[in-house]
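Text of the file query.txt, holding compact mmCIF, N, CA and C atoms:
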# COMPACT_ATOMS: atom_id res chain seq x y z
N MET A 18 -75.34 -23.02 -123.23
CA MET A 18 -74.92 -24.42 -123.17
C MET A 18 -74.26 -24.79 -124.49
N ASP A 19 -73.22 -25.55 -124.37
CA ASP A 19 -72.46 -25.98 -125.53
C ASP A 19 -72.94 -27.37 -125.97
N LEU A 20 -73.75 -27.40 -127.01
CA LEU A 20 -74.34 -28.66 -127.47
C LEU A 20 -73.28 -29.69 -127.85
N GLN A 21 -72.19 -29.23 -128.46
CA GLN A 21 -71.15 -30.17 -128.90
C GLN A 21 -70.49 -30.85 -127.70
N ASN A 22 -70.20 -30.10 -126.65
CA ASN A 22 -69.59 -30.69 -125.46
C ASN A 22 -70.55 -31.62 -124.73
N ILE A 23 -71.82 -31.27 -124.69
CA ILE A 23 -72.82 -32.16 -124.09
C ILE A 23 -72.86 -33.46 -124.87
N GLY A 24 -72.89 -33.36 -126.18
CA GLY A 24 -72.90 -34.55 -127.02
C GLY A 24 -71.68 -35.43 -126.83
N THR A 25 -70.53 -34.79 -126.69
CA THR A 25 -69.29 -35.53 -126.47
C THR A 25 -69.34 -36.27 -125.14
N ARG A 26 -69.87 -35.63 -124.10
CA ARG A 26 -69.98 -36.30 -122.79
C ARG A 26 -70.94 -37.49 -122.87
N ILE A 27 -72.06 -37.32 -123.55
CA ILE A 27 -73.02 -38.42 -123.69
C ILE A 27 -72.38 -39.58 -124.46
N TYR A 28 -71.68 -39.25 -125.54
CA TYR A 28 -71.00 -40.29 -126.32
C TYR A 28 -69.97 -41.02 -125.46
N HIS A 29 -69.17 -40.28 -124.71
CA HIS A 29 -68.17 -40.87 -123.82
C HIS A 29 -68.85 -41.76 -122.77
N LEU A 30 -69.91 -41.27 -122.19
CA LEU A 30 -70.65 -42.04 -121.19
C LEU A 30 -71.13 -43.36 -121.79
N ARG A 31 -71.75 -43.29 -122.95
CA ARG A 31 -72.31 -44.48 -123.58
C ARG A 31 -71.24 -45.48 -124.00
N THR A 32 -70.18 -45.00 -124.65
CA THR A 32 -69.19 -45.92 -125.23
C THR A 32 -68.11 -46.36 -124.26
N GLU A 33 -67.61 -45.45 -123.45
CA GLU A 33 -66.47 -45.76 -122.58
C GLU A 33 -66.88 -46.25 -121.19
N ILE A 34 -67.89 -45.61 -120.62
CA ILE A 34 -68.27 -45.95 -119.25
C ILE A 34 -69.29 -47.09 -119.23
N LEU A 35 -70.37 -46.94 -119.99
CA LEU A 35 -71.42 -47.96 -120.00
C LEU A 35 -71.17 -49.06 -121.02
N GLN A 36 -70.33 -48.77 -122.01
CA GLN A 36 -69.99 -49.72 -123.07
C GLN A 36 -71.22 -50.31 -123.75
N LEU A 37 -72.07 -49.40 -124.23
CA LEU A 37 -73.31 -49.80 -124.89
C LEU A 37 -73.34 -49.26 -126.32
N SER A 38 -74.01 -50.01 -127.17
CA SER A 38 -74.27 -49.49 -128.50
C SER A 38 -75.35 -48.43 -128.39
N GLN A 39 -75.46 -47.61 -129.40
CA GLN A 39 -76.49 -46.57 -129.41
C GLN A 39 -77.87 -47.22 -129.34
N ARG A 40 -78.04 -48.31 -130.03
CA ARG A 40 -79.32 -49.03 -130.04
C ARG A 40 -79.68 -49.53 -128.65
N ASP A 41 -78.74 -50.20 -127.97
CA ASP A 41 -79.00 -50.72 -126.63
C ASP A 41 -79.23 -49.60 -125.63
N PHE A 42 -78.43 -48.55 -125.72
CA PHE A 42 -78.55 -47.39 -124.83
C PHE A 42 -79.93 -46.76 -124.97
N SER A 43 -80.35 -46.53 -126.19
CA SER A 43 -81.66 -45.90 -126.40
C SER A 43 -82.78 -46.80 -125.89
N HIS A 44 -82.65 -48.10 -126.10
CA HIS A 44 -83.67 -49.04 -125.64
C HIS A 44 -83.77 -49.03 -124.11
N LEU A 45 -82.62 -49.06 -123.43
CA LEU A 45 -82.62 -49.08 -121.97
C LEU A 45 -83.17 -47.79 -121.37
N LEU A 46 -83.02 -46.68 -122.10
CA LEU A 46 -83.55 -45.40 -121.61
C LEU A 46 -84.99 -45.16 -122.05
N GLY A 47 -85.51 -46.03 -122.93
CA GLY A 47 -86.88 -45.87 -123.41
C GLY A 47 -87.03 -44.73 -124.39
N MET A 48 -86.00 -44.53 -125.20
CA MET A 48 -85.99 -43.42 -126.16
C MET A 48 -85.70 -43.96 -127.55
N GLY A 49 -85.95 -43.11 -128.53
CA GLY A 49 -85.60 -43.47 -129.89
C GLY A 49 -84.11 -43.28 -130.13
N GLN A 50 -83.56 -44.13 -130.97
CA GLN A 50 -82.13 -44.05 -131.29
C GLN A 50 -81.80 -42.72 -131.98
N GLY A 51 -82.73 -42.19 -132.75
CA GLY A 51 -82.52 -40.91 -133.41
C GLY A 51 -82.30 -39.78 -132.43
N ASN A 52 -83.01 -39.81 -131.30
CA ASN A 52 -82.81 -38.79 -130.26
C ASN A 52 -81.40 -38.85 -129.71
N ILE A 53 -80.93 -40.05 -129.42
CA ILE A 53 -79.58 -40.22 -128.88
C ILE A 53 -78.57 -39.71 -129.89
N SER A 54 -78.76 -40.06 -131.14
CA SER A 54 -77.84 -39.65 -132.20
C SER A 54 -77.75 -38.13 -132.31
N LYS A 55 -78.89 -37.46 -132.29
CA LYS A 55 -78.89 -35.99 -132.39
C LYS A 55 -78.19 -35.33 -131.21
N VAL A 56 -78.39 -35.86 -130.03
CA VAL A 56 -77.72 -35.31 -128.85
C VAL A 56 -76.21 -35.52 -128.96
N GLU A 57 -75.80 -36.74 -129.31
CA GLU A 57 -74.38 -37.03 -129.41
C GLU A 57 -73.68 -36.20 -130.49
N LYS A 58 -74.39 -35.87 -131.54
CA LYS A 58 -73.82 -35.05 -132.62
C LYS A 58 -73.87 -33.56 -132.31
N GLY A 59 -74.46 -33.20 -131.18
CA GLY A 59 -74.56 -31.78 -130.82
C GLY A 59 -75.62 -31.05 -131.61
N GLN A 60 -76.61 -31.77 -132.11
CA GLN A 60 -77.68 -31.17 -132.90
C GLN A 60 -78.89 -30.79 -132.07
N SER A 61 -78.97 -31.33 -130.85
CA SER A 61 -80.09 -30.95 -129.97
C SER A 61 -79.70 -31.16 -128.52
N LEU A 62 -80.38 -30.44 -127.65
CA LEU A 62 -80.20 -30.61 -126.22
C LEU A 62 -80.89 -31.89 -125.76
N PRO A 63 -80.37 -32.54 -124.74
CA PRO A 63 -81.09 -33.67 -124.19
C PRO A 63 -82.39 -33.18 -123.54
N SER A 64 -83.45 -33.92 -123.74
CA SER A 64 -84.74 -33.55 -123.16
C SER A 64 -84.74 -33.81 -121.66
N CYS A 65 -85.74 -33.29 -120.99
CA CYS A 65 -85.90 -33.56 -119.56
C CYS A 65 -86.06 -35.06 -119.33
N PHE A 66 -86.82 -35.73 -120.20
CA PHE A 66 -86.99 -37.18 -120.07
C PHE A 66 -85.66 -37.90 -120.21
N PHE A 67 -84.83 -37.47 -121.16
CA PHE A 67 -83.51 -38.08 -121.37
C PHE A 67 -82.68 -37.93 -120.10
N LEU A 68 -82.62 -36.73 -119.55
CA LEU A 68 -81.83 -36.47 -118.34
C LEU A 68 -82.37 -37.26 -117.15
N TRP A 69 -83.68 -37.29 -117.02
CA TRP A 69 -84.29 -38.05 -115.93
C TRP A 69 -83.98 -39.54 -116.08
N SER A 70 -84.05 -40.05 -117.29
CA SER A 70 -83.76 -41.47 -117.54
C SER A 70 -82.32 -41.80 -117.21
N LEU A 71 -81.38 -40.92 -117.58
CA LEU A 71 -79.97 -41.14 -117.24
C LEU A 71 -79.78 -41.23 -115.73
N TYR A 72 -80.42 -40.30 -115.03
CA TYR A 72 -80.31 -40.31 -113.57
C TYR A 72 -80.98 -41.54 -112.98
N ASN A 73 -82.19 -41.80 -113.39
CA ASN A 73 -82.98 -42.89 -112.83
C ASN A 73 -82.38 -44.26 -113.13
N THR A 74 -81.85 -44.45 -114.31
CA THR A 74 -81.33 -45.74 -114.73
C THR A 74 -79.88 -45.96 -114.28
N TYR A 75 -79.04 -44.93 -114.40
CA TYR A 75 -77.61 -45.09 -114.15
C TYR A 75 -77.04 -44.17 -113.06
N GLN A 76 -77.89 -43.39 -112.41
CA GLN A 76 -77.46 -42.43 -111.38
C GLN A 76 -76.42 -41.46 -111.92
N ILE A 77 -76.62 -41.00 -113.17
CA ILE A 77 -75.71 -40.06 -113.81
C ILE A 77 -76.04 -38.65 -113.32
N ASN A 78 -75.02 -37.91 -112.98
CA ASN A 78 -75.14 -36.55 -112.50
C ASN A 78 -75.55 -35.62 -113.66
N VAL A 79 -76.74 -35.08 -113.60
CA VAL A 79 -77.25 -34.21 -114.66
C VAL A 79 -76.37 -32.97 -114.82
N ASN A 80 -75.84 -32.45 -113.73
CA ASN A 80 -74.95 -31.30 -113.81
C ASN A 80 -73.72 -31.63 -114.65
N TRP A 81 -73.17 -32.83 -114.49
CA TRP A 81 -72.02 -33.25 -115.29
C TRP A 81 -72.39 -33.31 -116.77
N VAL A 82 -73.56 -33.86 -117.07
CA VAL A 82 -73.99 -33.95 -118.46
C VAL A 82 -74.05 -32.56 -119.10
N LEU A 83 -74.65 -31.62 -118.41
CA LEU A 83 -74.89 -30.30 -118.98
C LEU A 83 -73.68 -29.37 -118.93
N SER A 84 -72.84 -29.51 -117.90
CA SER A 84 -71.75 -28.54 -117.74
C SER A 84 -70.35 -29.16 -117.69
N GLY A 85 -70.28 -30.47 -117.47
CA GLY A 85 -68.98 -31.11 -117.31
C GLY A 85 -68.41 -30.99 -115.92
N GLU A 86 -69.16 -30.37 -115.01
CA GLU A 86 -68.70 -30.17 -113.64
C GLU A 86 -69.20 -31.28 -112.72
N GLY A 87 -68.38 -31.64 -111.76
CA GLY A 87 -68.76 -32.67 -110.78
C GLY A 87 -68.41 -34.05 -111.27
N GLU A 88 -68.81 -35.02 -110.49
CA GLU A 88 -68.58 -36.42 -110.82
C GLU A 88 -69.60 -36.91 -111.83
N VAL A 89 -69.24 -37.94 -112.56
CA VAL A 89 -70.15 -38.50 -113.56
C VAL A 89 -71.37 -39.09 -112.87
N LYS A 90 -71.13 -39.85 -111.82
CA LYS A 90 -72.23 -40.49 -111.09
C LYS A 90 -72.50 -39.75 -109.80
N VAL A 91 -73.76 -39.75 -109.42
CA VAL A 91 -74.19 -39.17 -108.16
C VAL A 91 -73.75 -40.12 -107.06
N ASN A 92 -73.24 -39.58 -105.95
CA ASN A 92 -72.85 -40.43 -104.82
C ASN A 92 -74.05 -41.21 -104.34
N GLU A 93 -73.83 -42.48 -104.12
CA GLU A 93 -74.92 -43.38 -103.75
C GLU A 93 -75.03 -43.59 -102.25
N GLY A 94 -74.31 -42.87 -101.47
CA GLY A 94 -74.39 -43.13 -100.04
C GLY A 94 -74.14 -41.90 -99.30
Starting from the file, lay out its structure as structure tokens.
Amino acid sequence: MDLQNIGTRIYHLRTEILQLSQRDFSHLLGMGQGNISKVEKGQSLPSCFFLWSLYNTYQINVNWVLSGEGEVKVNEG
């Protein structure tokens, strides 16, 4: 897995699609801002909790986060 590309996708998701600050994003996901920062910088993989929170809160496709394949959001119907 390419940590830098995962981080870039998370940053794009947060800033361009959801239009949230890192602080607000981390709060809505129930995570520390430091965790979000490390993932966006490509310093760590997103945790299972992080991925579950993205899916549960925003219906974000976990496969897209990890590989860049598929749609950003899971089809809702």
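Atom C of A:Asn92 sits 28.0 Å away from atom N of A:Gly59.
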Given only C-alpha atoms as the basis, pick out the residue of A:Lys58, A:Gly51, A:Gly24, A:Arg31 nearest to A:Tyr75.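 Checking each candidate against A:Tyr75, we get A:Arg31 as the closest.
Proximity of A:Leu68, A:Val56, A:Met48, A:Leu37 to A:Thr25, computed with only N, CA and C atoms, is greatest for A:Val56.
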List every protein, DNA or RNA residue that has an atom no more than 12 Å from (-80.2, -42.9, -128.5) in the file's coordinate frame, counting only C-alpha atoms, and report them as a PDB file with N, CA and C atoms, in the coordinates of the input.
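out14.pdb, freshly written:
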ATOM      1  N   GLY A  24     -72.890 -33.360-126.180  1.00  0.00           N
ATOM      2  CA  GLY A  24     -72.900 -34.550-127.020  1.00  0.00           C
ATOM      3  C   GLY A  24     -71.680 -35.430-126.830  1.00  0.00           C
ATOM      4  N   ILE A  27     -72.060 -37.320-123.550  1.00  0.00           N
ATOM      5  CA  ILE A  27     -73.020 -38.420-123.690  1.00  0.00           C
ATOM      6  C   ILE A  27     -72.380 -39.580-124.460  1.00  0.00           C
ATOM      7  N   TYR A  28     -71.680 -39.250-125.540  1.00  0.00           N
ATOM      8  CA  TYR A  28     -71.000 -40.290-126.320  1.00  0.00           C
ATOM      9  C   TYR A  28     -69.970 -41.020-125.460  1.00  0.00           C
ATOM     10  N   ARG A  31     -71.750 -43.290-122.950  1.00  0.00           N
ATOM     11  CA  ARG A  31     -72.310 -44.480-123.580  1.00  0.00           C
ATOM     12  C   ARG A  31     -71.240 -45.480-124.000  1.00  0.00           C
ATOM     13  N   THR A  32     -70.180 -45.000-124.650  1.00  0.00           N
ATOM     14  CA  THR A  32     -69.190 -45.920-125.230  1.00  0.00           C
ATOM     15  C   THR A  32     -68.110 -46.360-124.260  1.00  0.00           C
ATOM     16  N   LEU A  37     -72.070 -49.400-124.230  1.00  0.00           N
ATOM     17  CA  LEU A  37     -73.310 -49.800-124.890  1.00  0.00           C
ATOM     18  C   LEU A  37     -73.340 -49.260-126.320  1.00  0.00           C
ATOM     19  N   SER A  38     -74.010 -50.010-127.170  1.00  0.00           N
ATOM     20  CA  SER A  38     -74.270 -49.490-128.500  1.00  0.00           C
ATOM     21  C   SER A  38     -75.350 -48.430-128.390  1.00  0.00           C
ATOM     22  N   GLN A  39     -75.460 -47.610-129.400  1.00  0.00           N
ATOM     23  CA  GLN A  39     -76.490 -46.570-129.410  1.00  0.00           C
ATOM     24  C   GLN A  39     -77.870 -47.220-129.340  1.00  0.00           C
ATOM     25  N   ARG A  40     -78.040 -48.310-130.030  1.00  0.00           N
ATOM     26  CA  ARG A  40     -79.320 -49.030-130.040  1.00  0.00           C
ATOM     27  C   ARG A  40     -79.680 -49.530-128.650  1.00  0.00           C
ATOM     28  N   ASP A  41     -78.740 -50.200-127.970  1.00  0.00           N
ATOM     29  CA  ASP A  41     -79.000 -50.720-126.630  1.00  0.00           C
ATOM     30  C   ASP A  41     -79.230 -49.600-125.630  1.00  0.00           C
ATOM     31  N   PHE A  42     -78.430 -48.550-125.720  1.00  0.00           N
ATOM     32  CA  PHE A  42     -78.550 -47.390-124.830  1.00  0.00           C
ATOM     33  C   PHE A  42     -79.930 -46.760-124.970  1.00  0.00           C
ATOM     34  N   SER A  43     -80.350 -46.530-126.190  1.00  0.00           N
ATOM     35  CA  SER A  43     -81.660 -45.900-126.400  1.00  0.00           C
ATOM     36  C   SER A  43     -82.780 -46.800-125.890  1.00  0.00           C
ATOM     37  N   HIS A  44     -82.650 -48.100-126.100  1.00  0.00           N
ATOM     38  CA  HIS A  44     -83.670 -49.040-125.640  1.00  0.00           C
ATOM     39  C   HIS A  44     -83.770 -49.030-124.110  1.00  0.00           C
ATOM     40  N   LEU A  45     -82.620 -49.060-123.430  1.00  0.00           N
ATOM     41  CA  LEU A  45     -82.620 -49.080-121.970  1.00  0.00           C
ATOM     42  C   LEU A  45     -83.170 -47.790-121.370  1.00  0.00           C
ATOM     43  N   LEU A  46     -83.020 -46.680-122.100  1.00  0.00           N
ATOM     44  CA  LEU A  46     -83.550 -45.400-121.610  1.00  0.00           C
ATOM     45  C   LEU A  46     -84.990 -45.160-122.050  1.00  0.00           C
ATOM     46  N   GLY A  47     -85.510 -46.030-122.930  1.00  0.00           N
ATOM     47  CA  GLY A  47     -86.880 -45.870-123.410  1.00  0.00           C
ATOM     48  C   GLY A  47     -87.030 -44.730-124.390  1.00  0.00           C
ATOM     49  N   MET A  48     -86.000 -44.530-125.200  1.00  0.00           N
ATOM     50  CA  MET A  48     -85.990 -43.420-126.160  1.00  0.00           C
ATOM     51  C   MET A  48     -85.700 -43.960-127.550  1.00  0.00           C
ATOM     52  N   GLY A  49     -85.950 -43.110-128.530  1.00  0.00           N
ATOM     53  CA  GLY A  49     -85.600 -43.470-129.890  1.00  0.00           C
ATOM     54  C   GLY A  49     -84.110 -43.280-130.130  1.00  0.00           C
ATOM     55  N   GLN A  50     -83.560 -44.130-130.970  1.00  0.00           N
ATOM     56  CA  GLN A  50     -82.130 -44.050-131.290  1.00  0.00           C
ATOM     57  C   GLN A  50     -81.800 -42.720-131.980  1.00  0.00           C
ATOM     58  N   GLY A  51     -82.730 -42.190-132.750  1.00  0.00           N
ATOM     59  CA  GLY A  51     -82.520 -40.910-133.410  1.00  0.00           C
ATOM     60  C   GLY A  51     -82.300 -39.780-132.430  1.00  0.00           C
ATOM     61  N   ASN A  52     -83.010 -39.810-131.300  1.00  0.00           N
ATOM     62  CA  ASN A  52     -82.810 -38.790-130.260  1.00  0.00           C
ATOM     63  C   ASN A  52     -81.400 -38.850-129.710  1.00  0.00           C
ATOM     64  N   ILE A  53     -80.930 -40.050-129.420  1.00  0.00           N
ATOM     65  CA  ILE A  53     -79.580 -40.220-128.880  1.00  0.00           C
ATOM     66  C   ILE A  53     -78.570 -39.710-129.890  1.00  0.00           C
ATOM     67  N   SER A  54     -78.760 -40.060-131.140  1.00  0.00           N
ATOM     68  CA  SER A  54     -77.840 -39.650-132.200  1.00  0.00           C
ATOM     69  C   SER A  54     -77.750 -38.130-132.310  1.00  0.00           C
ATOM     70  N   LYS A  55     -78.890 -37.460-132.290  1.00  0.00           N
ATOM     71  CA  LYS A  55     -78.890 -35.990-132.390  1.00  0.00           C
ATOM     72  C   LYS A  55     -78.190 -35.330-131.210  1.00  0.00           C
ATOM     73  N   VAL A  56     -78.390 -35.860-130.030  1.00  0.00           N
ATOM     74  CA  VAL A  56     -77.720 -35.310-128.850  1.00  0.00           C
ATOM     75  C   VAL A  56     -76.210 -35.520-128.960  1.00  0.00           C
ATOM     76  N   GLU A  57     -75.800 -36.740-129.310  1.00  0.00           N
ATOM     77  CA  GLU A  57     -74.380 -37.030-129.410  1.00  0.00           C
ATOM     78  C   GLU A  57     -73.680 -36.200-130.490  1.00  0.00           C
ATOM     79  N   LYS A  58     -74.390 -35.870-131.540  1.00  0.00           N
ATOM     80  CA  LYS A  58     -73.820 -35.050-132.620  1.00  0.00           C
ATOM     81  C   LYS A  58     -73.870 -33.560-132.310  1.00  0.00           C
ATOM     82  N   PRO A  63     -80.370 -32.540-124.740  1.00  0.00           N
ATOM     83  CA  PRO A  63     -81.090 -33.670-124.190  1.00  0.00           C
ATOM     84  C   PRO A  63     -82.390 -33.180-123.540  1.00  0.00           C
ATOM     85  N   SER A  64     -83.450 -33.920-123.740  1.00  0.00           N
ATOM     86  CA  SER A  64     -84.740 -33.550-123.160  1.00  0.00           C
ATOM     87  C   SER A  64     -84.740 -33.810-121.660  1.00  0.00           C
ATOM     88  N   PHE A  67     -84.830 -37.470-121.160  1.00  0.00           N
ATOM     89  CA  PHE A  67     -83.510 -38.080-121.370  1.00  0.00           C
ATOM     90  C   PHE A  67     -82.680 -37.930-120.100  1.00  0.00           C
ATOM     91  N   SER A  70     -84.050 -40.050-117.290  1.00  0.00           N
ATOM     92  CA  SER A  70     -83.760 -41.470-117.540  1.00  0.00           C
ATOM     93  C   SER A  70     -82.320 -41.800-117.210  1.00  0.00           C
ATOM     94  N   LEU A  71     -81.380 -40.920-117.580  1.00  0.00           N
ATOM     95  CA  LEU A  71     -79.970 -41.140-117.240  1.00  0.00           C
ATOM     96  C   LEU A  71     -79.780 -41.230-115.730  1.00  0.00           C
TER      97      LEU A  71
END
Just how far from atom C of A:Phe66 is atom C of A:Arg26, in Å to one decimal?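 One can read the atom C of A:Arg26 to atom C of A:Phe66 distance as 15.0 Å.
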Kindly give the distance, in Å, that separates atom N of A:Val89 and atom CA of A:Leu30, rounded to a single decimal.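 A separation of 9.7 Å between them.
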Give, as JSON, the centre coordinates and the x, y and z edge lengths in Å to one decimal for an axis-aligned box around all listed atoms of stretch 62-78 of chain A, padded by 4 Å on each side.
{"center_x": -81.0, "center_y": -38.2, "center_z": -119.5, "size_x": 20.0, "size_y": 23.5, "size_z": 24.3}
Check the DSSP output for the backbone and give back, as a ChimeraX atom specification, the residues of chain A in helix (DSSP H, G or I). /A:20-34,39-46,50-57,65-75,79-84
10 Å contact set for A:Ser84, only C-alpha atoms, chain neighbours under 6 positions out, as a ChimeraX atom specification: /A:18-19,22-23,26
